[in-house]
Every structure is written in C-alpha cells, then in structure tokens.
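Trainee: If it helps, the file is called entry-v2.tsv and holds TSV, N, CA and C atoms:
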```tsv
chain	number	residue	atom	x	y	z
A	1	MET	N	2.34	-2.67	-2.39
A	1	MET	CA	1.73	-1.41	-2.07
A	1	MET	C	1.51	-1.33	-0.55
A	2	PRO	N	1.99	-0.26	0.08
A	2	PRO	CA	1.81	-0.11	1.53
A	2	PRO	C	0.41	0.37	1.89
A	3	ARG	N	0.05	0.13	3.14
A	3	ARG	CA	-1.25	0.53	3.66
A	3	ARG	C	-1.07	1.80	4.51
A	4	TYR	N	-1.93	2.77	4.31
A	4	TYR	CA	-1.87	4.05	5.01
A	4	TYR	C	-3.16	4.29	5.78
A	5	THR	N	-3.06	5.04	6.88
A	5	THR	CA	-4.21	5.38	7.70
A	5	THR	C	-4.55	6.85	7.49
A	6	PHE	N	-5.83	7.12	7.26
A	6	PHE	CA	-6.31	8.48	7.08
A	6	PHE	C	-7.42	8.77	8.08
A	7	GLU	N	-7.62	10.05	8.40
A	7	GLU	CA	-8.61	10.47	9.39
A	7	GLU	C	-9.63	11.39	8.72
A	8	CYS	N	-10.91	11.00	8.83
A	8	CYS	CA	-12.02	11.83	8.35
A	8	CYS	C	-12.63	12.53	9.57
A	9	LYS	N	-12.95	13.80	9.44
A	9	LYS	CA	-13.49	14.56	10.57
A	9	LYS	C	-14.88	14.08	10.98
A	10	THR	N	-15.64	13.55	10.04
A	10	THR	CA	-17.00	13.11	10.38
A	10	THR	C	-17.10	11.60	10.61
A	11	CYS	N	-16.37	10.81	9.83
A	11	CYS	CA	-16.53	9.35	9.90
A	11	CYS	C	-15.47	8.65	10.76
A	12	GLY	N	-14.35	9.29	11.03
A	12	GLY	CA	-13.29	8.65	11.82
A	12	GLY	C	-12.14	8.18	10.94
A	13	SER	N	-11.35	7.28	11.47
A	13	SER	CA	-10.17	6.84	10.73
A	13	SER	C	-10.47	5.58	9.92
A	14	TYR	N	-9.70	5.41	8.84
A	14	TYR	CA	-9.80	4.23	7.99
A	14	TYR	C	-8.43	3.98	7.37
A	15	GLU	N	-8.24	2.77	6.87
A	15	GLU	CA	-6.98	2.39	6.23
A	15	GLU	C	-7.23	2.09	4.77
A	16	THR	N	-6.26	2.42	3.94
A	16	THR	CA	-6.37	2.17	2.51
A	16	THR	C	-4.99	1.85	1.94
A	17	TRP	N	-4.99	1.11	0.84
A	17	TRP	CA	-3.75	0.78	0.13
A	17	TRP	C	-3.52	1.85	-0.91
A	18	LYS	N	-2.28	2.40	-0.94
A	18	LYS	CA	-1.95	3.43	-1.93
A	18	LYS	C	-0.55	3.17	-2.46
A	19	GLN	N	-0.33	3.56	-3.69
A	19	GLN	CA	1.01	3.49	-4.26
A	19	GLN	C	1.83	4.66	-3.75
A	20	SER	N	3.13	4.47	-3.68
A	20	SER	CA	3.98	5.55	-3.17
A	20	SER	C	4.07	6.71	-4.15
A	21	THR	N	3.65	6.53	-5.39
A	21	THR	CA	3.69	7.62	-6.36
A	21	THR	C	2.46	8.52	-6.25
A	22	GLU	N	1.43	8.07	-5.54
A	22	GLU	CA	0.21	8.88	-5.36
A	22	GLU	C	0.44	9.94	-4.28
A	23	ASP	N	-0.51	10.89	-4.19
A	23	ASP	CA	-0.46	11.92	-3.14
A	23	ASP	C	-0.80	11.26	-1.80
A	24	LEU	N	0.16	11.22	-0.89
A	24	LEU	CA	-0.02	10.52	0.38
A	24	LEU	C	-0.47	11.44	1.51
A	25	THR	N	-0.59	12.73	1.26
A	25	THR	CA	-0.99	13.65	2.32
A	25	THR	C	-2.51	13.77	2.44
A	26	LYS	N	-3.24	13.57	1.32
A	26	LYS	CA	-4.69	13.74	1.32
A	26	LYS	C	-5.34	12.56	0.61
A	27	ASP	N	-6.60	12.30	0.97
A	27	ASP	CA	-7.39	11.25	0.35
A	27	ASP	C	-8.86	11.61	0.50
A	28	GLN	N	-9.74	10.87	-0.15
A	28	GLN	CA	-11.18	11.08	-0.01
A	28	GLN	C	-11.76	9.96	0.83
A	29	CYS	N	-12.64	10.31	1.74
A	29	CYS	CA	-13.29	9.34	2.62
A	29	CYS	C	-14.18	8.43	1.77
A	30	PRO	N	-14.08	7.11	1.96
A	30	PRO	CA	-14.92	6.20	1.17
A	30	PRO	C	-16.41	6.27	1.54
A	31	ASP	N	-16.74	6.76	2.74
A	31	ASP	CA	-18.15	6.83	3.16
A	31	ASP	C	-18.83	8.12	2.73
A	32	CYS	N	-18.24	9.26	3.10
A	32	CYS	CA	-18.91	10.54	2.84
A	32	CYS	C	-18.29	11.33	1.69
A	33	GLY	N	-17.07	10.97	1.25
A	33	GLY	CA	-16.44	11.65	0.13
A	33	GLY	C	-15.72	12.93	0.49
A	34	SER	N	-15.63	13.29	1.77
A	34	SER	CA	-14.94	14.51	2.15
A	34	SER	C	-13.43	14.29	2.15
A	35	GLU	N	-12.70	15.38	2.15
A	35	GLU	CA	-11.24	15.30	2.12
A	35	GLU	C	-10.70	14.90	3.49
A	36	THR	N	-9.73	13.99	3.50
A	36	THR	CA	-9.17	13.49	4.75
A	36	THR	C	-7.68	13.78	4.80
A	37	SER	N	-7.09	13.65	5.99
A	37	SER	CA	-5.66	13.86	6.16
A	37	SER	C	-5.02	12.58	6.68
A	38	ARG	N	-3.77	12.41	6.38
A	38	ARG	CA	-3.06	11.20	6.75
A	38	ARG	C	-2.68	11.22	8.23
A	39	VAL	N	-2.77	10.06	8.88
A	39	VAL	CA	-2.38	9.89	10.27
A	39	VAL	C	-1.06	9.13	10.28
A	40	PHE	N	-0.04	9.74	10.84
A	40	PHE	CA	1.27	9.09	10.90
A	40	PHE	C	1.33	8.21	12.14
A	41	GLN	N	1.72	6.96	11.93
A	41	GLN	CA	1.78	6.01	13.03
A	41	GLN	C	3.23	5.59	13.26
A	42	VAL	N	3.50	5.20	14.48
A	42	VAL	CA	4.83	4.76	14.86
A	42	VAL	C	5.09	3.39	14.26
A	43	PHE	N	6.33	3.15	13.90
A	43	PHE	CA	6.74	1.86	13.35
A	43	PHE	C	6.48	0.77	14.37
A	44	ARG	N	5.82	-0.29	13.96
A	44	ARG	CA	5.46	-1.37	14.88
A	44	ARG	C	6.63	-2.33	15.06
A	45	THR	N	7.09	-2.44	16.29
A	45	THR	CA	8.17	-3.38	16.59
A	45	THR	C	7.67	-4.59	17.35
A	46	SER	N	6.36	-4.67	17.60
A	46	SER	CA	5.83	-5.78	18.38
A	46	SER	C	5.87	-7.09	17.61
A	47	TYR	N	5.89	-7.05	16.29
A	47	TYR	CA	5.92	-8.27	15.50
A	47	TYR	C	7.33	-8.73	15.17
A	48	LEU	N	8.32	-7.96	15.57
A	48	LEU	CA	9.71	-8.30	15.29
A	48	LEU	C	10.27	-9.21	16.37
A	49	ASP	N	11.39	-9.82	16.07
A	49	ASP	CA	12.12	-10.60	17.05
A	49	ASP	C	12.52	-9.68	18.21
A	50	SER	N	12.54	-10.21	19.42
A	50	SER	CA	12.82	-9.37	20.58
A	50	SER	C	14.22	-8.75	20.52
A	51	LYS	N	15.18	-9.46	19.95
A	51	LYS	CA	16.53	-8.91	19.84
A	51	LYS	C	16.56	-7.74	18.85
A	52	VAL	N	15.83	-7.86	17.76
A	52	VAL	CA	15.81	-6.81	16.75
A	52	VAL	C	15.09	-5.57	17.29
A	53	SER	N	13.96	-5.75	17.96
A	53	SER	CA	13.24	-4.60	18.49
A	53	SER	C	14.03	-3.91	19.60
A	54	LYS	N	14.75	-4.67	20.40
A	54	LYS	CA	15.59	-4.07	21.44
A	54	LYS	C	16.72	-3.26	20.81
A	55	ARG	N	17.29	-3.78	19.73
A	55	ARG	CA	18.36	-3.08	19.02
A	55	ARG	C	17.85	-1.77	18.42
A	56	ILE	N	16.63	-1.77	17.87
A	56	ILE	CA	16.06	-0.56	17.30
A	56	ILE	C	15.79	0.48	18.39
A	57	GLU	N	15.25	0.05	19.53
A	57	GLU	CA	14.93	0.97	20.61
A	57	GLU	C	16.19	1.57	21.23
A	58	GLN	N	17.28	0.82	21.26
A	58	GLN	CA	18.51	1.32	21.87
A	58	GLN	C	19.45	1.94	20.84
A	59	GLY	N	18.98	2.11	19.62
A	59	GLY	CA	19.84	2.59	18.54
A	59	GLY	C	20.45	3.95	18.77
A	60	MET	N	19.76	4.85	19.41
A	60	MET	CA	20.26	6.21	19.58
A	60	MET	C	20.96	6.42	20.92
A	61	ARG	N	21.02	5.41	21.76
A	61	ARG	CA	21.71	5.56	23.04
A	61	ARG	C	23.22	5.43	22.82
A	62	PRO	N	24.01	6.32	23.41
A	62	PRO	CA	25.45	6.19	23.26
A	62	PRO	C	25.98	5.00	24.07
A	63	ARG	N	26.98	4.37	23.55
A	63	ARG	CA	27.59	3.26	24.27
A	63	ARG	C	28.54	3.81	25.33
A	64	VAL	N	28.51	3.22	26.50
A	64	VAL	CA	29.35	3.65	27.60
A	64	VAL	C	30.51	2.67	27.71
A	65	ALA	N	31.73	3.22	27.71
A	65	ALA	CA	32.92	2.37	27.83
A	65	ALA	C	33.79	2.91	28.95
A	66	LYS	N	34.36	2.01	29.74
A	66	LYS	CA	35.26	2.42	30.81
A	66	LYS	C	36.67	2.54	30.26
A	67	LYS	N	37.44	3.40	30.89
A	67	LYS	CA	38.79	3.67	30.41
A	67	LYS	C	39.65	2.41	30.45
A	68	GLU	N	39.47	1.58	31.47
A	68	GLU	CA	40.31	0.38	31.58
A	68	GLU	C	39.96	-0.66	30.53
A	69	ASN	N	38.79	-0.56	29.91
A	69	ASN	CA	38.41	-1.50	28.86
A	69	ASN	C	38.86	-1.07	27.47
A	70	LEU	N	39.33	0.16	27.34
A	70	LEU	CA	39.81	0.64	26.05
A	70	LEU	C	41.20	0.09	25.76
A	71	PRO	N	41.57	-0.04	24.49
A	71	PRO	CA	42.93	-0.50	24.17
A	71	PRO	C	43.96	0.53	24.62
A	72	LYS	N	45.14	0.06	24.97
A	72	LYS	CA	46.20	0.96	25.45
A	72	LYS	C	46.60	1.96	24.38
A	73	SER	N	46.75	1.49	23.17
A	73	SER	CA	47.14	2.36	22.07
A	73	SER	C	46.60	1.77	20.78
A	74	ASN	N	46.24	2.63	19.87
A	74	ASN	CA	45.78	2.13	18.58
A	74	ASN	C	46.91	2.09	17.55
A	75	VAL	N	48.13	2.47	17.97
A	75	VAL	CA	49.29	2.43	17.10
A	75	VAL	C	49.91	1.03	17.19
A	76	ARG	N	50.19	0.46	16.04
A	76	ARG	CA	50.76	-0.88	16.01
A	76	ARG	C	52.19	-0.84	16.52
A	77	GLN	N	52.49	-1.76	17.42
A	77	GLN	CA	53.84	-1.83	17.99
A	77	GLN	C	54.81	-2.36	16.95
A	78	LYS	N	56.00	-1.76	16.91
A	78	LYS	CA	57.02	-2.21	15.96
A	78	LYS	C	57.61	-3.53	16.42
A	79	GLU	N	57.77	-4.40	15.47
A	79	GLU	CA	58.39	-5.68	15.78
A	79	GLU	C	59.90	-5.51	15.83
A	80	LYS	N	60.59	-6.41	16.56
A	80	LYS	CA	62.04	-6.31	16.67
A	80	LYS	C	62.70	-6.56	15.33
A	81	ASN	N	62.20	-7.53	14.61
A	81	ASN	CA	62.75	-7.84	13.30
A	81	ASN	C	61.60	-7.88	12.31
A	82	PRO	N	61.20	-6.70	11.77
A	82	PRO	CA	60.01	-6.65	10.94
A	82	PRO	C	60.15	-7.41	9.61
A	83	ARG	N	61.39	-7.53	9.09
A	83	ARG	CA	61.62	-8.21	7.82
A	83	ARG	C	62.71	-9.26	8.00
A	84	PRO	N	62.36	-10.44	8.45
A	84	PRO	CA	63.38	-11.44	8.73
A	84	PRO	C	64.14	-11.91	7.49
A	85	TRP	N	63.58	-11.75	6.33
A	85	TRP	CA	64.25	-12.16	5.11
A	85	TRP	C	65.33	-11.17	4.67
A	86	MET	N	65.35	-9.98	5.32
A	86	MET	CA	66.34	-8.97	4.96
A	86	MET	C	67.36	-8.81	6.10
A	87	ILE	N	68.15	-9.81	6.32
A	87	ILE	CA	69.14	-9.76	7.40
A	87	ILE	C	70.46	-9.23	6.89
```
Would you encode the structure as structure tokens?
Mentor:
Amino acid sequence: MPRYTFECKTCGSYETWKQSTEDLTKDQCPDCGSETSRVFQVFRTSYLDSKVSKRIEQGMRPRVAKKENLPKSNVRQKEKNPRPWMI
C-alpha cells in the first residue's frame, strides 16, 4: 500500500497509507475530521543510484549527434559473391 500526503486547511499536512482502489483525491483529517485534499509530490530521486537518477533527469533531452559520427549508409552493401555455394 502506498503512502499519500494530504493537506488540511486548519491542521496542515499529514501522510496516510491508502489502497489504490480507494478515493485518492479526498480524505478526512485525523485530528479535526474536516475534508482534505491530496498534495502531489515530485518523485524522489535522491535515494536512487546516481546513474539512475541522472538517466531519469536527462530522459527528455534529445541526443545530439554530429554528422561525421553517423553511419555512411544504413543499406547493407552487396557482397561480391553472396552465395559461394552457387557457382
């Protein structure tokens, strides 16, 4: 079961465990019982391996390639004798 953060207007924010089948947009404050709204938080990458977090952060950046680094042609070159058994 994941943990979600909710915000109460009078008491402040709190975290609670909820099933994904429950209503995740609203909850009741455990202190005053008023209706609360969910606070969306950014995915935490600080606990991940540095290589993985760097890969996630750079995921939407386009890769830059120079023309001289690209292959000359993507068409396979014909061999002189493609079927040596058929002479």
Trainee: Can you tell me how far atom CA of A:Arg55 sits from atom CA of A:Glu15, in Å to one decimal?
Mentor: 28.9 Å
Trainee: If you measure from atom CA of A:Pro62 to atom CA of A:Phe40, what distance in Å do you get, rounded to one decimal?
Mentor: 27.3 Å
Trainee: What is the atom CA of A:Lys66-atom CA of A:Ser53 distance in Å, reported with one decimal?
Mentor: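 Taking atom CA of A:Lys66 as the start and atom CA of A:Ser53 as the end point, the length is 26.2 Å.
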Trainee: Using all atoms listed in the file for the distances, tell me which of A:Glu68, A:Asp23, A:Glu57, A:Glu7 is nearest to A:Glu35.
Mentor: A:Glu7
Trainee: Quick one: DSSP strand (DSSP E) residues in chain A, as a list in words?
Mentor: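 Filtering chain A to strand (DSSP E) leaves Arg3, Tyr4, Thr5, Phe6, Glu7, Cys8, Gly12, Ser13, Tyr14, Glu15, Thr16, Trp17, Lys26, Asp27, Gln28, Glu35, Thr36, Ser37, Arg38 and Val39 of chain A.
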Trainee: With DSSP run on the backbone, what are the helix (DSSP H, G or I) residues within chain A? I'd like them as a list in words.
Mentor: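 Checking each residue of chain A, the helix (DSSP H, G or I) ones are Ser50, Lys51, Val52, Ser53, Lys54, Arg55, Ile56, Glu57, Lys67, Glu68 and Asn69 of chain A.
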Trainee: Can you write stretch 29-66 of chain A from the block above with N, CA, C and O atoms, as a short mmCIF file (atom, residue, chain, number, x, y, z; two decimals), in the first residue's frame?
Mentor:
```cif
data_model
loop_
_atom_site.label_atom_id
_atom_site.label_comp_id
_atom_site.auth_asym_id
_atom_site.auth_seq_id
_atom_site.Cartn_x
_atom_site.Cartn_y
_atom_site.Cartn_z
N CYS A 29 -9.36 14.51 7.75
CA CYS A 29 -8.26 14.83 8.65
C CYS A 29 -8.39 13.99 9.92
O CYS A 29 -9.48 13.91 10.51
N PRO A 30 -7.30 13.34 10.36
CA PRO A 30 -7.40 12.53 11.57
C PRO A 30 -7.57 13.36 12.85
O PRO A 30 -8.06 12.84 13.86
N ASP A 31 -7.20 14.64 12.83
CA ASP A 31 -7.32 15.48 14.03
C ASP A 31 -8.69 16.14 14.16
O ASP A 31 -9.36 16.00 15.18
N CYS A 32 -9.11 16.86 13.11
CA CYS A 32 -10.36 17.63 13.22
C CYS A 32 -11.52 17.02 12.44
O CYS A 32 -12.66 17.41 12.62
N GLY A 33 -11.25 16.06 11.54
CA GLY A 33 -12.32 15.39 10.80
C GLY A 33 -12.81 16.14 9.58
O GLY A 33 -13.75 15.71 8.93
N SER A 34 -12.19 17.27 9.22
CA SER A 34 -12.64 18.02 8.05
C SER A 34 -12.10 17.36 6.78
O SER A 34 -11.17 16.55 6.81
N GLU A 35 -12.70 17.74 5.66
CA GLU A 35 -12.30 17.16 4.38
C GLU A 35 -10.97 17.76 3.92
O GLU A 35 -10.75 18.96 4.02
N THR A 36 -10.08 16.92 3.42
CA THR A 36 -8.76 17.36 2.98
C THR A 36 -8.56 17.05 1.51
O THR A 36 -9.32 16.28 0.91
N SER A 37 -7.54 17.66 0.91
CA SER A 37 -7.22 17.41 -0.49
C SER A 37 -5.81 16.84 -0.60
O SER A 37 -4.96 17.10 0.25
N ARG A 38 -5.58 16.09 -1.62
CA ARG A 38 -4.30 15.43 -1.80
C ARG A 38 -3.24 16.41 -2.31
O ARG A 38 -3.51 17.27 -3.13
N VAL A 39 -2.01 16.25 -1.81
CA VAL A 39 -0.87 17.06 -2.23
C VAL A 39 -0.01 16.17 -3.12
O VAL A 39 0.44 15.11 -2.69
N PHE A 40 0.19 16.58 -4.35
CA PHE A 40 1.01 15.81 -5.27
C PHE A 40 2.47 16.20 -5.09
O PHE A 40 2.82 17.38 -5.10
N GLN A 41 3.32 15.20 -4.90
CA GLN A 41 4.73 15.45 -4.68
C GLN A 41 5.54 14.88 -5.84
O GLN A 41 5.15 13.89 -6.47
N VAL A 42 6.69 15.47 -6.06
CA VAL A 42 7.59 15.04 -7.11
C VAL A 42 8.22 13.71 -6.72
O VAL A 42 8.49 13.46 -5.55
N PHE A 43 8.46 12.89 -7.70
CA PHE A 43 9.11 11.60 -7.48
C PHE A 43 10.49 11.82 -6.90
O PHE A 43 11.28 12.60 -7.42
N ARG A 44 10.81 11.14 -5.82
CA ARG A 44 12.09 11.33 -5.15
C ARG A 44 13.18 10.51 -5.82
O ARG A 44 13.11 9.30 -5.88
N THR A 45 14.19 11.20 -6.33
CA THR A 45 15.32 10.51 -6.95
C THR A 45 16.55 10.56 -6.07
O THR A 45 17.59 10.05 -6.44
N SER A 46 16.45 11.15 -4.88
CA SER A 46 17.62 11.28 -4.02
C SER A 46 18.06 9.95 -3.44
O SER A 46 19.22 9.78 -3.08
N TYR A 47 17.16 8.98 -3.33
CA TYR A 47 17.50 7.69 -2.77
C TYR A 47 17.96 6.69 -3.83
O TYR A 47 18.34 5.58 -3.50
N LEU A 48 17.93 7.08 -5.08
CA LEU A 48 18.33 6.20 -6.16
C LEU A 48 19.83 6.29 -6.41
O LEU A 48 20.50 7.22 -5.97
N ASP A 49 20.34 5.33 -7.14
CA ASP A 49 21.72 5.36 -7.58
C ASP A 49 21.93 6.61 -8.43
O ASP A 49 21.04 7.04 -9.16
N SER A 50 23.11 7.20 -8.37
CA SER A 50 23.35 8.45 -9.09
C SER A 50 23.22 8.27 -10.60
O SER A 50 22.75 9.16 -11.29
N LYS A 51 23.59 7.10 -11.12
CA LYS A 51 23.46 6.87 -12.56
C LYS A 51 21.99 6.79 -12.97
O LYS A 51 21.61 7.31 -14.01
N VAL A 52 21.17 6.16 -12.14
CA VAL A 52 19.75 6.03 -12.45
C VAL A 52 19.06 7.39 -12.38
O VAL A 52 18.27 7.74 -13.26
N SER A 53 19.34 8.17 -11.34
CA SER A 53 18.70 9.48 -11.22
C SER A 53 19.14 10.42 -12.34
O SER A 53 18.34 11.19 -12.85
N LYS A 54 20.39 10.33 -12.76
CA LYS A 54 20.86 11.16 -13.87
C LYS A 54 20.15 10.75 -15.17
O LYS A 54 19.76 11.60 -15.96
N ARG A 55 19.94 9.46 -15.35
CA ARG A 55 19.24 8.96 -16.54
C ARG A 55 17.79 9.44 -16.56
O ARG A 55 17.26 9.81 -17.60
N ILE A 56 17.13 9.46 -15.39
CA ILE A 56 15.75 9.93 -15.32
C ILE A 56 15.67 11.42 -15.62
O ILE A 56 14.81 11.87 -16.36
N GLU A 57 16.59 12.20 -15.06
CA GLU A 57 16.58 13.65 -15.28
C GLU A 57 16.87 14.01 -16.72
O GLU A 57 16.38 15.01 -17.23
N GLN A 58 17.69 13.23 -17.41
CA GLN A 58 18.05 13.54 -18.78
C GLN A 58 17.16 12.81 -19.78
O GLN A 58 17.41 12.85 -20.98
N GLY A 59 16.11 12.16 -19.31
CA GLY A 59 15.28 11.34 -20.17
C GLY A 59 14.62 12.07 -21.31
O GLY A 59 14.46 11.53 -22.40
N MET A 60 14.23 13.31 -21.12
CA MET A 60 13.51 14.03 -22.16
C MET A 60 14.41 14.90 -23.02
O MET A 60 13.94 15.55 -23.93
N ARG A 61 15.70 14.94 -22.74
CA ARG A 61 16.61 15.73 -23.56
C ARG A 61 16.94 14.97 -24.84
O ARG A 61 17.23 13.79 -24.81
N PRO A 62 16.89 15.65 -25.99
CA PRO A 62 17.24 14.96 -27.23
C PRO A 62 18.74 14.70 -27.29
O PRO A 62 19.55 15.47 -26.78
N ARG A 63 19.10 13.61 -27.89
CA ARG A 63 20.51 13.29 -28.05
C ARG A 63 21.06 14.07 -29.24
O ARG A 63 20.42 14.17 -30.28
N VAL A 64 22.24 14.61 -29.09
CA VAL A 64 22.88 15.38 -30.15
C VAL A 64 23.93 14.50 -30.81
O VAL A 64 24.78 13.92 -30.13
N ALA A 65 23.85 14.39 -32.13
CA ALA A 65 24.82 13.59 -32.87
C ALA A 65 25.39 14.43 -34.00
O ALA A 65 24.68 15.19 -34.65
N LYS A 66 26.69 14.30 -34.22
CA LYS A 66 27.34 15.02 -35.31
C LYS A 66 27.24 14.19 -36.58
O LYS A 66 27.19 12.96 -36.55
#
```
